[in-house]
file upload18.csv (CSV, C-alpha atoms)
chain,number,residue,atom,x,y,z
A,1,LEU,CA,30.3,17.3,4.6
A,2,CYS,CA,27.1,18.4,6.2
A,3,THR,CA,23.6,18.1,4.8
A,4,ARG,CA,21.9,21.4,4.2
A,5,LEU,CA,18.5,22.4,5.5
A,6,GLY,CA,15.5,22.1,3.3
A,7,SER,CA,15.0,19.1,1.0
A,8,ASN,CA,18.3,17.5,2.1
A,9,SER,CA,17.1,17.1,5.7
A,10,GLN,CA,15.3,13.9,4.7
A,11,CYS,CA,16.3,10.8,2.8
A,12,SER,CA,15.7,11.4,-0.9
A,13,ALA,CA,14.1,8.0,-1.3
A,14,CYS,CA,12.0,7.2,1.8
A,15,LEU,CA,11.7,10.7,3.4
A,16,CYS,CA,12.7,9.5,6.8
A,17,LEU,CA,14.0,11.8,9.5
A,18,PRO,CA,16.4,13.1,10.9
A,19,ASN,CA,19.2,14.3,8.7
A,20,PRO,CA,20.4,11.4,6.5
A,21,ASP,CA,24.0,10.3,7.1
A,22,TRP,CA,24.8,8.9,3.7
A,23,ALA,CA,25.0,10.3,0.2
A,24,SER,CA,25.3,9.2,-3.4
A,25,TYR,CA,28.1,11.2,-4.8
A,26,THR,CA,27.3,10.2,-8.4
A,27,LEU,CA,23.6,11.3,-8.2
A,28,GLY,CA,24.0,14.1,-5.7
A,29,VAL,CA,21.4,12.9,-3.2
A,30,PHE,CA,21.4,12.5,0.5
A,31,ILE,CA,20.0,9.1,1.8
A,32,CYS,CA,19.5,7.1,5.0
A,33,LEU,CA,21.4,4.0,6.0
A,34,SER,CA,18.7,1.7,4.9
A,35,CYS,CA,18.4,3.2,1.4
A,36,SER,CA,22.1,3.4,1.0
A,37,GLY,CA,22.2,-0.4,1.0
A,38,ILE,CA,19.8,-0.3,-2.0
A,39,HIS,CA,22.0,2.3,-3.8
A,40,ARG,CA,25.0,0.0,-3.2
A,41,ASN,CA,23.2,-2.7,-5.3
A,42,ILE,CA,23.2,-0.5,-8.3
A,43,PRO,CA,26.9,0.6,-8.4
A,44,GLN,CA,26.7,1.3,-12.2
A,45,VAL,CA,24.4,4.2,-11.3
A,46,SER,CA,25.0,5.2,-7.7
A,47,LYS,CA,28.1,5.2,-5.5
A,48,VAL,CA,27.7,6.0,-1.8
A,49,LYS,CA,29.7,7.4,1.0
A,50,SER,CA,29.1,8.2,4.7
A,51,VAL,CA,28.6,11.9,5.2
A,52,ARG,CA,30.4,11.9,8.5
A,53,LEU,CA,32.9,9.0,8.3
A,54,ASP,CA,34.3,8.9,4.8
A,55,ALA,CA,36.8,11.3,3.2
A,56,TRP,CA,35.4,13.7,0.6
A,57,ASP,CA,37.5,15.5,-2.0
A,58,GLU,CA,36.7,19.0,-3.0
A,59,ALA,CA,35.1,18.1,-6.4
A,60,GLN,CA,32.7,15.7,-4.7
A,61,VAL,CA,31.7,18.3,-2.1
A,62,GLU,CA,31.1,20.8,-4.9
A,63,PHE,CA,29.0,18.3,-6.9
A,64,MET,CA,26.8,17.6,-3.9
A,65,ALA,CA,26.4,21.3,-3.2
A,66,SER,CA,25.3,22.0,-6.7
A,67,HIS,CA,22.8,19.2,-6.8
A,68,GLY,CA,20.9,17.8,-3.8
A,69,ASN,CA,17.6,16.1,-3.3
A,70,GLU,CA,15.3,18.8,-4.7
A,71,ALA,CA,17.3,18.9,-8.0
A,72,ALA,CA,17.3,15.2,-8.2
A,73,ARG,CA,13.5,15.0,-7.8
A,74,ALA,CA,13.0,17.6,-10.4
A,75,THR,CA,14.9,15.4,-12.8
A,76,PHE,CA,14.3,11.8,-11.9
A,77,GLU,CA,10.7,12.2,-10.7
A,78,SER,CA,9.6,14.7,-13.4
A,79,LYS,CA,7.1,12.3,-15.0
A,80,VAL,CA,5.8,10.1,-12.1
A,81,PRO,CA,2.2,9.2,-12.9
A,82,PRO,CA,-0.3,10.4,-10.3
A,83,PHE,CA,-1.4,6.8,-9.5
A,84,TYR,CA,2.2,5.5,-8.9
A,85,TYR,CA,2.9,4.7,-5.3
A,86,ARG,CA,5.7,6.7,-3.7
A,87,PRO,CA,6.9,4.7,-0.7
A,88,THR,CA,8.2,6.1,2.6
A,89,PHE,CA,10.3,4.7,5.4
A,90,SER,CA,7.3,2.8,6.8
A,91,ASP,CA,6.8,0.7,3.7
A,92,CYS,CA,8.3,-2.7,3.0
A,93,PRO,CA,11.8,-3.0,1.6
A,94,LEU,CA,10.6,-4.2,-1.8
A,95,LEU,CA,8.6,-1.0,-2.5
A,96,ARG,CA,11.5,1.2,-1.5
A,97,GLU,CA,14.0,-0.8,-3.6
A,98,GLN,CA,11.9,-0.8,-6.7
A,99,TRP,CA,11.1,3.0,-6.3
A,100,ILE,CA,14.9,3.7,-6.2
A,101,ARG,CA,15.6,1.3,-9.2
A,102,ALA,CA,12.7,2.8,-11.2
A,103,LYS,CA,14.0,6.3,-10.7
A,104,TYR,CA,17.8,5.9,-11.2
A,105,GLU,CA,18.5,2.5,-12.8
A,106,ARG,CA,15.5,2.3,-15.2
A,107,GLN,CA,14.8,6.0,-15.4
A,108,GLU,CA,11.1,5.3,-15.8
A,109,PHE,CA,10.1,8.8,-14.9
A,110,LEU,CA,12.3,10.4,-17.5
A,111,HIS,CA,11.0,8.2,-20.3
A,112,VAL,CA,7.2,7.7,-20.3
A,113,GLU,CA,7.4,4.7,-22.7
A,114,LYS,CA,9.1,2.8,-19.9
A,115,GLN,CA,5.9,3.0,-17.8
A,116,GLU,CA,4.0,0.8,-20.2
A,117,PRO,CA,4.0,-2.3,-17.9
A,118,TYR,CA,1.7,-0.6,-15.4
A,119,SER,CA,0.0,2.2,-17.5
A,120,ALA,CA,-1.1,0.4,-20.6
A,121,GLY,CA,-4.6,-0.6,-19.2
A,122,TYR,CA,-4.0,-4.3,-19.8
A,123,ARG,CA,-1.6,-6.8,-18.1
A,124,GLU,CA,-1.4,-10.5,-18.2
A,125,GLY,CA,0.9,-13.0,-16.5
A,126,LEU,CA,1.5,-15.8,-14.1
A,127,LEU,CA,1.5,-15.2,-10.3
A,128,TRP,CA,1.7,-17.5,-7.3
A,129,LYS,CA,-1.6,-17.6,-5.5
A,130,ARG,CA,-2.3,-19.1,-2.1
A,131,GLY,CA,-5.0,-21.8,-2.2
A,132,ARG,CA,-8.0,-21.1,0.0
A,133,ASP,CA,-8.2,-24.6,1.5
A,134,ASN,CA,-4.7,-26.0,1.8
A,135,GLY,CA,-2.7,-22.8,1.9
A,136,GLN,CA,-0.4,-24.1,-0.9
A,137,PHE,CA,0.8,-21.5,-3.5
A,138,LEU,CA,0.0,-22.5,-7.1
A,139,SER,CA,0.8,-20.8,-10.3
A,140,ARG,CA,-2.2,-19.0,-11.8
A,141,LYS,CA,-2.8,-16.9,-14.8
A,142,PHE,CA,-4.0,-13.3,-14.0
A,143,VAL,CA,-5.5,-10.8,-16.4
A,144,LEU,CA,-6.1,-7.1,-15.6
A,145,THR,CA,-8.2,-5.3,-18.1
A,146,GLU,CA,-9.3,-1.7,-17.6
A,147,ARG,CA,-11.7,-2.0,-20.6
A,148,GLU,CA,-13.7,-4.6,-18.6
A,149,GLY,CA,-13.0,-3.0,-15.3
A,150,ALA,CA,-11.8,-6.2,-13.8
A,151,LEU,CA,-8.9,-8.3,-12.5
A,152,LYS,CA,-9.4,-12.0,-13.4
A,153,TYR,CA,-7.5,-15.2,-12.6
A,154,PHE,CA,-7.7,-18.6,-14.2
A,155,ASN,CA,-7.0,-22.0,-12.7
A,156,LYS,CA,-5.5,-23.2,-16.0
A,157,ASN,CA,-3.6,-21.2,-18.6
A,158,ASP,CA,-5.9,-22.4,-21.4
A,159,ALA,CA,-9.1,-22.0,-19.5
A,160,LYS,CA,-11.8,-20.0,-21.2
A,161,GLU,CA,-13.7,-18.9,-18.1
A,162,PRO,CA,-12.0,-17.2,-15.1
A,163,LYS,CA,-12.1,-18.8,-11.7
A,164,ALA,CA,-12.8,-15.3,-10.2
A,165,VAL,CA,-13.6,-11.8,-11.5
A,166,MET,CA,-12.7,-8.9,-9.2
A,167,LYS,CA,-14.2,-5.6,-10.2
A,168,ILE,CA,-11.8,-2.7,-10.1
A,169,GLU,CA,-14.4,-0.4,-8.3
A,170,HIS,CA,-14.2,-2.6,-5.2
A,171,LEU,CA,-10.5,-3.6,-5.3
A,172,ASN,CA,-7.6,-2.8,-3.0
A,173,ALA,CA,-4.1,-4.1,-2.9
A,174,THR,CA,-1.4,-3.9,-0.1
A,175,PHE,CA,1.9,-5.5,0.4
A,176,GLN,CA,1.9,-7.9,3.3
A,177,PRO,CA,5.2,-9.8,3.3
A,178,GLY,CA,5.0,-10.7,7.0
A,179,LYS,CA,1.5,-12.1,6.8
A,180,ILE,CA,2.0,-14.0,3.5
A,181,GLY,CA,5.5,-15.2,4.4
A,182,HIS,CA,7.2,-13.9,1.2
A,183,PRO,CA,9.1,-10.6,0.8
A,184,HIS,CA,7.0,-10.0,-2.4
A,185,GLY,CA,3.7,-10.9,-0.9
A,186,LEU,CA,0.7,-8.9,-2.1
A,187,GLN,CA,-2.8,-9.0,-0.6
A,188,VAL,CA,-5.7,-8.2,-2.9
A,189,THR,CA,-9.0,-7.4,-1.3
A,190,TYR,CA,-12.3,-7.2,-3.2
A,191,LEU,CA,-16.0,-7.7,-2.8
A,192,LYS,CA,-17.8,-11.0,-3.7
A,193,ASP,CA,-21.5,-11.5,-3.0
A,194,ASN,CA,-21.5,-8.4,-0.7
A,195,SER,CA,-18.6,-9.9,1.4
A,196,THR,CA,-15.0,-8.9,1.5
A,197,ARG,CA,-12.6,-11.5,0.3
A,198,ASN,CA,-8.8,-11.6,0.2
A,199,ILE,CA,-6.4,-13.4,-2.1
A,200,PHE,CA,-2.7,-13.6,-1.5
A,201,ILE,CA,-0.2,-13.6,-4.4
A,202,TYR,CA,3.5,-13.1,-5.1
A,203,HIS,CA,6.0,-13.2,-7.9
A,204,GLU,CA,9.6,-14.2,-7.6
A,205,ASP,CA,10.7,-11.0,-9.5
A,206,GLY,CA,10.3,-7.9,-7.4
A,207,LYS,CA,9.8,-5.6,-10.4
A,208,GLU,CA,7.0,-7.8,-11.7
A,209,ILE,CA,4.9,-7.8,-8.5
A,210,VAL,CA,5.4,-4.0,-8.0
A,211,ASP,CA,4.4,-3.4,-11.7
A,212,TRP,CA,1.2,-5.5,-10.9
A,213,PHE,CA,0.6,-3.4,-7.8
A,214,ASN,CA,0.9,-0.1,-9.8
A,215,ALA,CA,-1.1,-1.5,-12.7
A,216,LEU,CA,-3.9,-2.1,-10.2
A,217,ARG,CA,-3.5,1.4,-8.8
A,218,ALA,CA,-3.6,2.8,-12.4
A,219,ALA,CA,-6.8,0.9,-13.2
A,220,ARG,CA,-8.5,2.0,-10.0
A,221,PHE,CA,-7.3,5.6,-10.6
A,222,HIS,CA,-8.8,5.7,-14.2
A,223,TYR,CA,-12.0,4.1,-13.0
A,224,LEU,CA,-12.4,6.8,-10.3
A,225,GLN,CA,-11.6,9.6,-12.8
A,226,VAL,CA,-14.6,8.5,-14.9
A,227,ALA,CA,-16.9,7.7,-11.9
A,228,PHE,CA,-16.2,11.0,-10.1
A,229,PRO,CA,-15.2,13.5,-12.8
A,230,GLY,CA,-15.3,16.4,-10.3
A,231,ALA,CA,-12.7,14.9,-8.0
A,232,SER,CA,-9.1,16.0,-8.2
A,233,ASP,CA,-6.2,13.7,-9.1
A,234,ALA,CA,-5.1,14.0,-5.4
A,235,ASP,CA,-8.5,12.8,-4.2
A,236,VAL,CA,-8.4,9.6,-6.3
A,237,SER,CA,-4.6,8.9,-6.7
A,238,ASP,CA,-4.2,7.1,-3.4
A,239,CYS,CA,-6.8,4.4,-4.2
A,240,PRO,CA,-6.1,1.6,-3.6
A,241,ARG,CA,-4.1,2.6,-0.6
A,242,GLN,CA,-0.9,0.8,0.2
A,243,THR,CA,-1.0,0.4,4.0
A,244,GLU,CA,0.4,-2.3,6.2
A,245,GLY,CA,-2.6,-1.7,8.4
A,246,PHE,CA,-3.0,-2.0,12.2
A,247,ARG,CA,-3.6,-5.6,13.2
A,248,LYS,CA,-4.2,-7.3,16.4
A,249,ARG,CA,-4.7,-11.0,16.1
A,250,TRP,CA,-7.7,-11.4,13.6
A,251,PHE,CA,-8.6,-7.7,13.1
A,252,THR,CA,-7.4,-5.8,10.0
A,253,MET,CA,-8.1,-2.2,9.1
A,254,ASP,CA,-8.0,-1.5,5.4
A,255,ASP,CA,-8.6,2.2,4.9
A,256,ARG,CA,-12.1,2.7,6.2
A,257,ARG,CA,-13.0,-0.9,6.6
A,258,LEU,CA,-12.4,-2.7,9.9
A,259,MET,CA,-12.6,-6.4,9.2
A,260,TYR,CA,-12.7,-9.5,11.4
A,261,PHE,CA,-11.0,-12.8,10.4
A,262,LYS,CA,-10.9,-16.0,12.3
A,263,ASP,CA,-7.4,-16.5,11.0
A,264,PRO,CA,-5.1,-13.8,9.5
A,265,LEU,CA,-4.9,-15.7,6.1
A,266,ASP,CA,-8.6,-16.4,5.8
A,267,ALA,CA,-10.0,-15.6,2.4
A,268,PHE,CA,-13.3,-14.2,3.7
A,269,ALA,CA,-13.9,-11.7,6.5
A,270,ARG,CA,-16.3,-12.9,9.2
A,271,GLY,CA,-17.6,-9.3,9.8
A,272,GLU,CA,-16.9,-5.7,8.8
A,273,VAL,CA,-17.4,-2.2,10.2
A,274,PHE,CA,-17.3,0.9,8.0
A,275,ILE,CA,-15.6,3.9,9.7
A,276,GLY,CA,-16.7,7.2,8.3
A,277,SER,CA,-15.7,10.8,9.2
A,278,LYS,CA,-16.7,12.9,12.2
A,279,GLU,CA,-18.8,15.1,9.8
A,280,SER,CA,-20.9,12.1,9.0
A,281,GLY,CA,-21.5,11.2,12.7
A,282,TYR,CA,-18.7,8.8,13.4
A,283,THR,CA,-16.8,9.0,16.7
A,284,VAL,CA,-14.1,7.0,18.5
A,285,LEU,CA,-14.2,6.9,22.3
A,286,GLU,CA,-11.8,5.5,24.8
A,287,GLY,CA,-13.3,2.8,27.1
A,288,LEU,CA,-16.6,1.0,27.0
A,289,PRO,CA,-20.1,2.2,28.0
A,290,PRO,CA,-20.8,1.9,31.8
A,291,SER,CA,-23.5,-0.6,31.2
A,292,THR,CA,-21.1,-3.0,29.5
A,293,GLN,CA,-20.6,-6.3,31.2
A,294,GLY,CA,-17.1,-7.7,31.7
A,295,HIS,CA,-15.1,-4.8,33.3
A,296,HIS,CA,-12.1,-7.2,33.6
A,297,TRP,CA,-11.3,-5.8,30.1
A,298,PRO,CA,-10.0,-2.4,31.0
A,299,HIS,CA,-8.6,-1.4,27.6
A,300,GLY,CA,-11.9,-0.9,25.7
A,301,ILE,CA,-12.7,1.1,22.6
A,302,THR,CA,-16.1,2.3,21.4
A,303,ILE,CA,-16.8,3.2,17.8
A,304,VAL,CA,-20.0,5.2,17.4
A,305,THR,CA,-21.6,5.2,14.0
A,306,PRO,CA,-24.9,6.8,12.9
A,307,ASP,CA,-26.7,3.4,13.3
A,308,ARG,CA,-25.1,1.7,16.3
A,309,LYS,CA,-22.1,1.4,18.6
A,310,PHE,CA,-19.3,-1.2,18.2
A,311,LEU,CA,-17.3,-2.3,21.2
A,312,PHE,CA,-13.8,-3.6,21.2
A,313,THR,CA,-11.2,-4.5,23.8
A,314,CYS,CA,-7.4,-4.7,23.7
A,315,GLU,CA,-5.0,-6.8,25.8
A,316,THR,CA,-2.7,-3.9,26.7
A,317,GLU,CA,-3.0,-0.1,27.1
A,318,ALA,CA,-0.3,0.3,24.4
A,319,ASP,CA,-2.5,-1.6,21.9
A,320,GLN,CA,-5.5,0.4,22.9
A,321,ARG,CA,-3.6,3.7,22.2
A,322,GLU,CA,-2.4,2.4,18.9
A,323,TRP,CA,-5.8,1.4,17.7
A,324,ILE,CA,-7.5,4.6,19.0
A,325,ALA,CA,-4.9,6.7,17.1
A,326,ALA,CA,-5.5,4.7,13.9
A,327,PHE,CA,-9.3,5.0,14.2
A,328,GLN,CA,-9.1,8.7,15.0
A,329,LYS,CA,-6.9,9.4,12.0
A,330,VAL,CA,-9.6,7.8,9.8
A,331,VAL,CA,-12.5,9.7,11.5
A,332,ASP,CA,-10.7,13.0,11.2
A,333,ARG,CA,-10.2,12.6,7.5
A,334,PRO,CA,-13.1,13.9,5.4
A,335,MET,CA,-14.8,11.3,3.2
A,336,LEU,CA,-14.1,11.3,-0.5
A,337,PRO,CA,-17.1,11.0,-3.0
A,338,GLN,CA,-16.4,7.3,-3.7
A,339,GLU,CA,-16.3,6.6,0.1
A,340,TYR,CA,-20.0,7.7,0.4
A,341,ALA,CA,-20.8,4.9,-2.1
A,342,VAL,CA,-19.0,2.4,0.1
A,343,GLU,CA,-20.8,3.6,3.2
A,344,ALA,CA,-24.1,3.2,1.4
A,345,HIS,CA,-23.2,-0.3,0.4
A,346,PHE,CA,-22.5,-1.2,4.0
A,347,LYS,CA,-25.9,0.3,5.2
A,348,HIS,CA,-27.8,-1.8,2.6
A,349,LYS,CA,-25.8,-4.9,3.2
A,350,PRO,CA,-28.0,-7.8,4.1
call {"tool": "encode", "arguments": {"input": "upload18.csv", "output": "structure tokens"}}
result
Amino acid sequence: LCTRLGSNSQCSACLCLPNPDWASYTLGVFICLSCSGIHRNIPQVSKVKSVRLDAWDEAQVEFMASHGNEAARATFESKVPPFYYRPTFSDCPLLREQWIRAKYERQEFLHVEKQEPYSAGYREGLLWKRGRDNGQFLSRKFVLTEREGALKYFNKNDAKEPKAVMKIEHLNATFQPGKIGHPHGLQVTYLKDNSTRNIFIYHEDGKEIVDWFNALRAARFHYLQVAFPGASDADVSDCPRQTEGFRKRWFTMDDRRLMYFKDPLDAFARGEVFIGSKESGYTVLEGLPPSTQGHHWPHGITIVTPDRKFLFTCETEADQREWIAAFQKVVDRPMLPQEYAVEAHFKHKP
């Protein structure tokens, strides 16, 4: 059995290349080795075989030929909300697993009523939150309310006043299992007193934490729809952005924000740089200006903004290339309407 060209040349779940070597002969989709392991965990829905190593009978071959990845997407992804995050091969295993389970096991994108946990505009529950001072994870009550435009958490379940209120307009969430030390670890970034702050949370149940993640995306998406009525769904649907980010020691790039932390798990950033687009006067250059002292740092990077230059150095040439590629990708991307507001906030930041 050979995969055909077109939509079957990629894994149906994570879109990795090259041609996938596995297939679900009950769903009619071609998948990669990594995603085949997830399919094996839902045998009541999906049964898998190697495309090249296993024996295929004629009926199975005909079934695969008459279905395929494109047909499966038309069915099982027919009602994916615009804010729902579709993971790729570069995302953490949890996101890929829950994407597959949501499509085939729970069939959330065939039955809209099954999307209620992340699309209702309100969510409440207990999550494990990392303490700022001692690093211990404690159970905390979290409430997400689109009506108030905020994510709140409480130190006690019966507390009347929240410990923190995070406004949806300044919120981002990314899965960071390596940094947090838990496969379900989620990092939530927000603004407090004009400074960026992180909180680190997780839930033992994978579906629960991914539902929280998509609920945050839904709230942010609906906020941006109201705040920028002229923007298309595509413009606002990837906010917050799920990216693992490029990190070197204490630097983290979260979309257009380059942040400095003394320690990777610090709650507050020590400093921030906004990186806009080339149309707005932002440039990334290899190396440091000739007048820079300390030429024993050969792997420099200069970020030019309309107001000033920021100088960075890397330990290796490979790190330098990786960071320059990451910065250049951001600079080459046109700014969205809401990103001009973020830029203005940085310019007026005390």
call {"tool": "closest_atom_pairs", "arguments": {"input": "upload18.csv", "of": "region 98-167 of chain A", "to": "region 205-220 of chain A", "cutoff": "9 Å", "atoms": "only C-alpha atoms", "output": "Markdown table"}}
result
| residue | atom | partner | partner_atom | distance |
| --- | --- | --- | --- | --- |
| A:Gln98 | CA | A:Lys207 | CA | 6.4 |
| A:Ala102 | CA | A:Lys207 | CA | 8.9 |
| A:Gln115 | CA | A:Asp211 | CA | 9.0 |
| A:Pro117 | CA | A:Asp211 | CA | 6.3 |
| A:Tyr118 | CA | A:Ala215 | CA | 4.0 |
| A:Ser119 | CA | A:Ala215 | CA | 6.2 |
| A:Ala120 | CA | A:Ala215 | CA | 8.1 |
| A:Gly121 | CA | A:Ala219 | CA | 6.6 |
| A:Tyr122 | CA | A:Ala215 | CA | 8.2 |
| A:Arg123 | CA | A:Ala215 | CA | 7.6 |
| A:Leu127 | CA | A:Ile209 | CA | 8.3 |
| A:Leu144 | CA | A:Leu216 | CA | 7.7 |
| A:Thr145 | CA | A:Ala219 | CA | 8.0 |
| A:Glu146 | CA | A:Ala219 | CA | 5.7 |
| A:Gly149 | CA | A:Ala219 | CA | 7.6 |
| A:Ala150 | CA | A:Ala219 | CA | 8.7 |
| A:Leu151 | CA | A:Leu216 | CA | 8.3 |
call {"tool": "atom_distance", "arguments": {"input": "upload18.csv", "atom1": "CA of Glu315 (chain A)", "atom2": "CA of Ile301 (chain A)"}}
result
11.5 Å
call {"tool": "closest_atom_pairs", "arguments": {"input": "upload18.csv", "of": "region 19-138 of chain A", "to": "region 165-177 of chain A", "cutoff": "9 Å", "atoms": "all atoms listed in the file", "output": "CSV"}}
result
residue,atom,partner,partner_atom,distance
A:Asp91,CA,A:Phe175,CA,8.6
A:Cys92,CA,A:Phe175,CA,7.5
A:Leu95,CA,A:Phe175,CA,8.6
call {"tool": "residues_around", "arguments": {"input": "upload18.csv", "residues": "region 58-60 of chain A", "least_positions_apart": "6", "cutoff": "9 Å", "atoms": "all atoms listed in the file", "output": "ChimeraX atom specification"}}
result
/A:25-26,28
call {"tool": "closest_residue", "arguments": {"input": "upload18.csv", "among": "A:Tyr202, A:Phe261, A:Phe268, A:Phe83", "to": "Phe221 (chain A)", "atoms": "all atoms listed in the file"}}
result
A:Phe83
call {"tool": "closest_residue", "arguments": {"input": "upload18.csv", "among": "A:Phe251, A:Phe154, A:Tyr223, A:Tyr340", "to": "Phe312 (chain A)", "atoms": "all atoms listed in the file"}}
result
A:Phe251
call {"tool": "atom_distance", "arguments": {"input": "upload18.csv", "atom1": "CA of Ser195 (chain A)", "atom2": "CA of Pro229 (chain A)"}}
result
27.6 Å
call {"tool": "closest_residue", "arguments": {"input": "upload18.csv", "among": "A:Val51, A:Leu126, A:Ala326, A:Val273", "to": "Val304 (chain A)", "atoms": "all atoms listed in the file"}}
result
A:Val273
call {"tool": "residues_around", "arguments": {"input": "upload18.csv", "residues": "Glu272 (chain A)", "least_positions_apart": "2", "cutoff": "7 Å", "atoms": "all atoms listed in the file", "output": "PyMOL selection string"}}
result
chain A and resi 257-260+274
call {"tool": "closest_residue", "arguments": {"input": "upload18.csv", "among": "A:Phe228, A:Phe137, A:Tyr84, A:Phe89", "to": "Gly181 (chain A)", "atoms": "only C-alpha atoms"}}
result
A:Phe137
call {"tool": "closest_residue", "arguments": {"input": "upload18.csv", "among": "A:Ser34, A:Asn8, A:Gln328, A:Gln136", "to": "Thr283 (chain A)", "atoms": "only C-alpha atoms"}}
result
A:Gln328
call {"tool": "closest_residue", "arguments": {"input": "upload18.csv", "among": "A:Cys11, A:Val342, A:Leu110, A:Ile100", "to": "Glu70 (chain A)", "atoms": "all atoms listed in the file"}}
result
A:Cys11
call {"tool": "atom_distance", "arguments": {"input": "upload18.csv", "atom1": "CA of His345 (chain A)", "atom2": "CA of Phe310 (chain A)"}}
result
18.2 Å
call {"tool": "residues_near_point", "arguments": {"input": "upload18.csv", "point": "(-10.5, 17.4, 10.0)", "cutoff": "10 Å", "atoms": "all atoms listed in the file", "output": "ChimeraX atom specification"}}
result
/A:277-279,329-334
call {"tool": "residues_around", "arguments": {"input": "upload18.csv", "residues": "Glu317 (chain A)", "least_positions_apart": "3", "cutoff": "10 Å", "atoms": "only C-alpha atoms", "output": "list in words"}}
result
Pro298, His299, Gly300, Thr313, Cys314, Gln320, Arg321, Glu322 and Trp323 of chain A
call {"tool": "decode", "arguments": {"input": "upload18.csv", "residues": "region 156-169 of chain A", "atoms": "N, CA, C and O atoms", "output": "short mmCIF file (atom, residue, chain, number, x, y, z; two decimals), in the first residue's frame"}}
result
data_model
loop_
_atom_site.label_atom_id
_atom_site.label_comp_id
_atom_site.auth_asym_id
_atom_site.auth_seq_id
_atom_site.Cartn_x
_atom_site.Cartn_y
_atom_site.Cartn_z
N LYS A 156 -8.29 30.75 48.03
CA LYS A 156 -9.19 29.83 48.73
C LYS A 156 -10.47 29.68 47.92
O LYS A 156 -10.93 30.64 47.29
N ASN A 157 -11.04 28.49 47.97
CA ASN A 157 -12.23 28.23 47.17
C ASN A 157 -13.39 29.13 47.55
O ASN A 157 -14.23 29.47 46.71
N ASP A 158 -13.47 29.53 48.84
CA ASP A 158 -14.60 30.35 49.29
C ASP A 158 -14.24 31.83 49.37
O ASP A 158 -15.02 32.63 49.90
N ALA A 159 -13.07 32.21 48.86
CA ALA A 159 -12.67 33.61 48.90
C ALA A 159 -13.57 34.46 48.02
O ALA A 159 -13.95 34.05 46.92
N LYS A 160 -13.92 35.65 48.50
CA LYS A 160 -14.78 36.54 47.73
C LYS A 160 -13.98 37.39 46.75
O LYS A 160 -14.50 37.77 45.69
N GLU A 161 -12.75 37.70 47.10
CA GLU A 161 -11.92 38.54 46.25
C GLU A 161 -10.79 37.71 45.62
O GLU A 161 -10.15 36.92 46.31
N PRO A 162 -10.54 37.87 44.34
CA PRO A 162 -9.48 37.10 43.68
C PRO A 162 -8.10 37.57 44.10
O PRO A 162 -7.90 38.75 44.43
N LYS A 163 -7.16 36.66 44.04
CA LYS A 163 -5.77 37.02 44.31
C LYS A 163 -5.20 37.81 43.14
O LYS A 163 -4.37 38.71 43.32
N ALA A 164 -5.63 37.47 41.93
CA ALA A 164 -5.15 38.18 40.75
C ALA A 164 -6.23 38.21 39.69
O ALA A 164 -7.03 37.28 39.58
N VAL A 165 -6.26 39.29 38.93
CA VAL A 165 -7.18 39.45 37.80
C VAL A 165 -6.35 39.71 36.56
O VAL A 165 -5.59 40.68 36.49
N MET A 166 -6.47 38.82 35.58
CA MET A 166 -5.71 38.94 34.34
C MET A 166 -6.65 39.31 33.21
O MET A 166 -7.55 38.54 32.88
N LYS A 167 -6.47 40.48 32.65
CA LYS A 167 -7.37 40.96 31.59
C LYS A 167 -7.11 40.18 30.30
O LYS A 167 -5.96 39.98 29.89
N ILE A 168 -8.18 39.77 29.66
CA ILE A 168 -8.09 38.97 28.44
C ILE A 168 -7.31 39.70 27.34
O ILE A 168 -6.57 39.10 26.57
N GLU A 169 -7.43 41.02 27.29
CA GLU A 169 -6.81 41.78 26.21
C GLU A 169 -5.28 41.70 26.24
O GLU A 169 -4.62 41.91 25.21
#
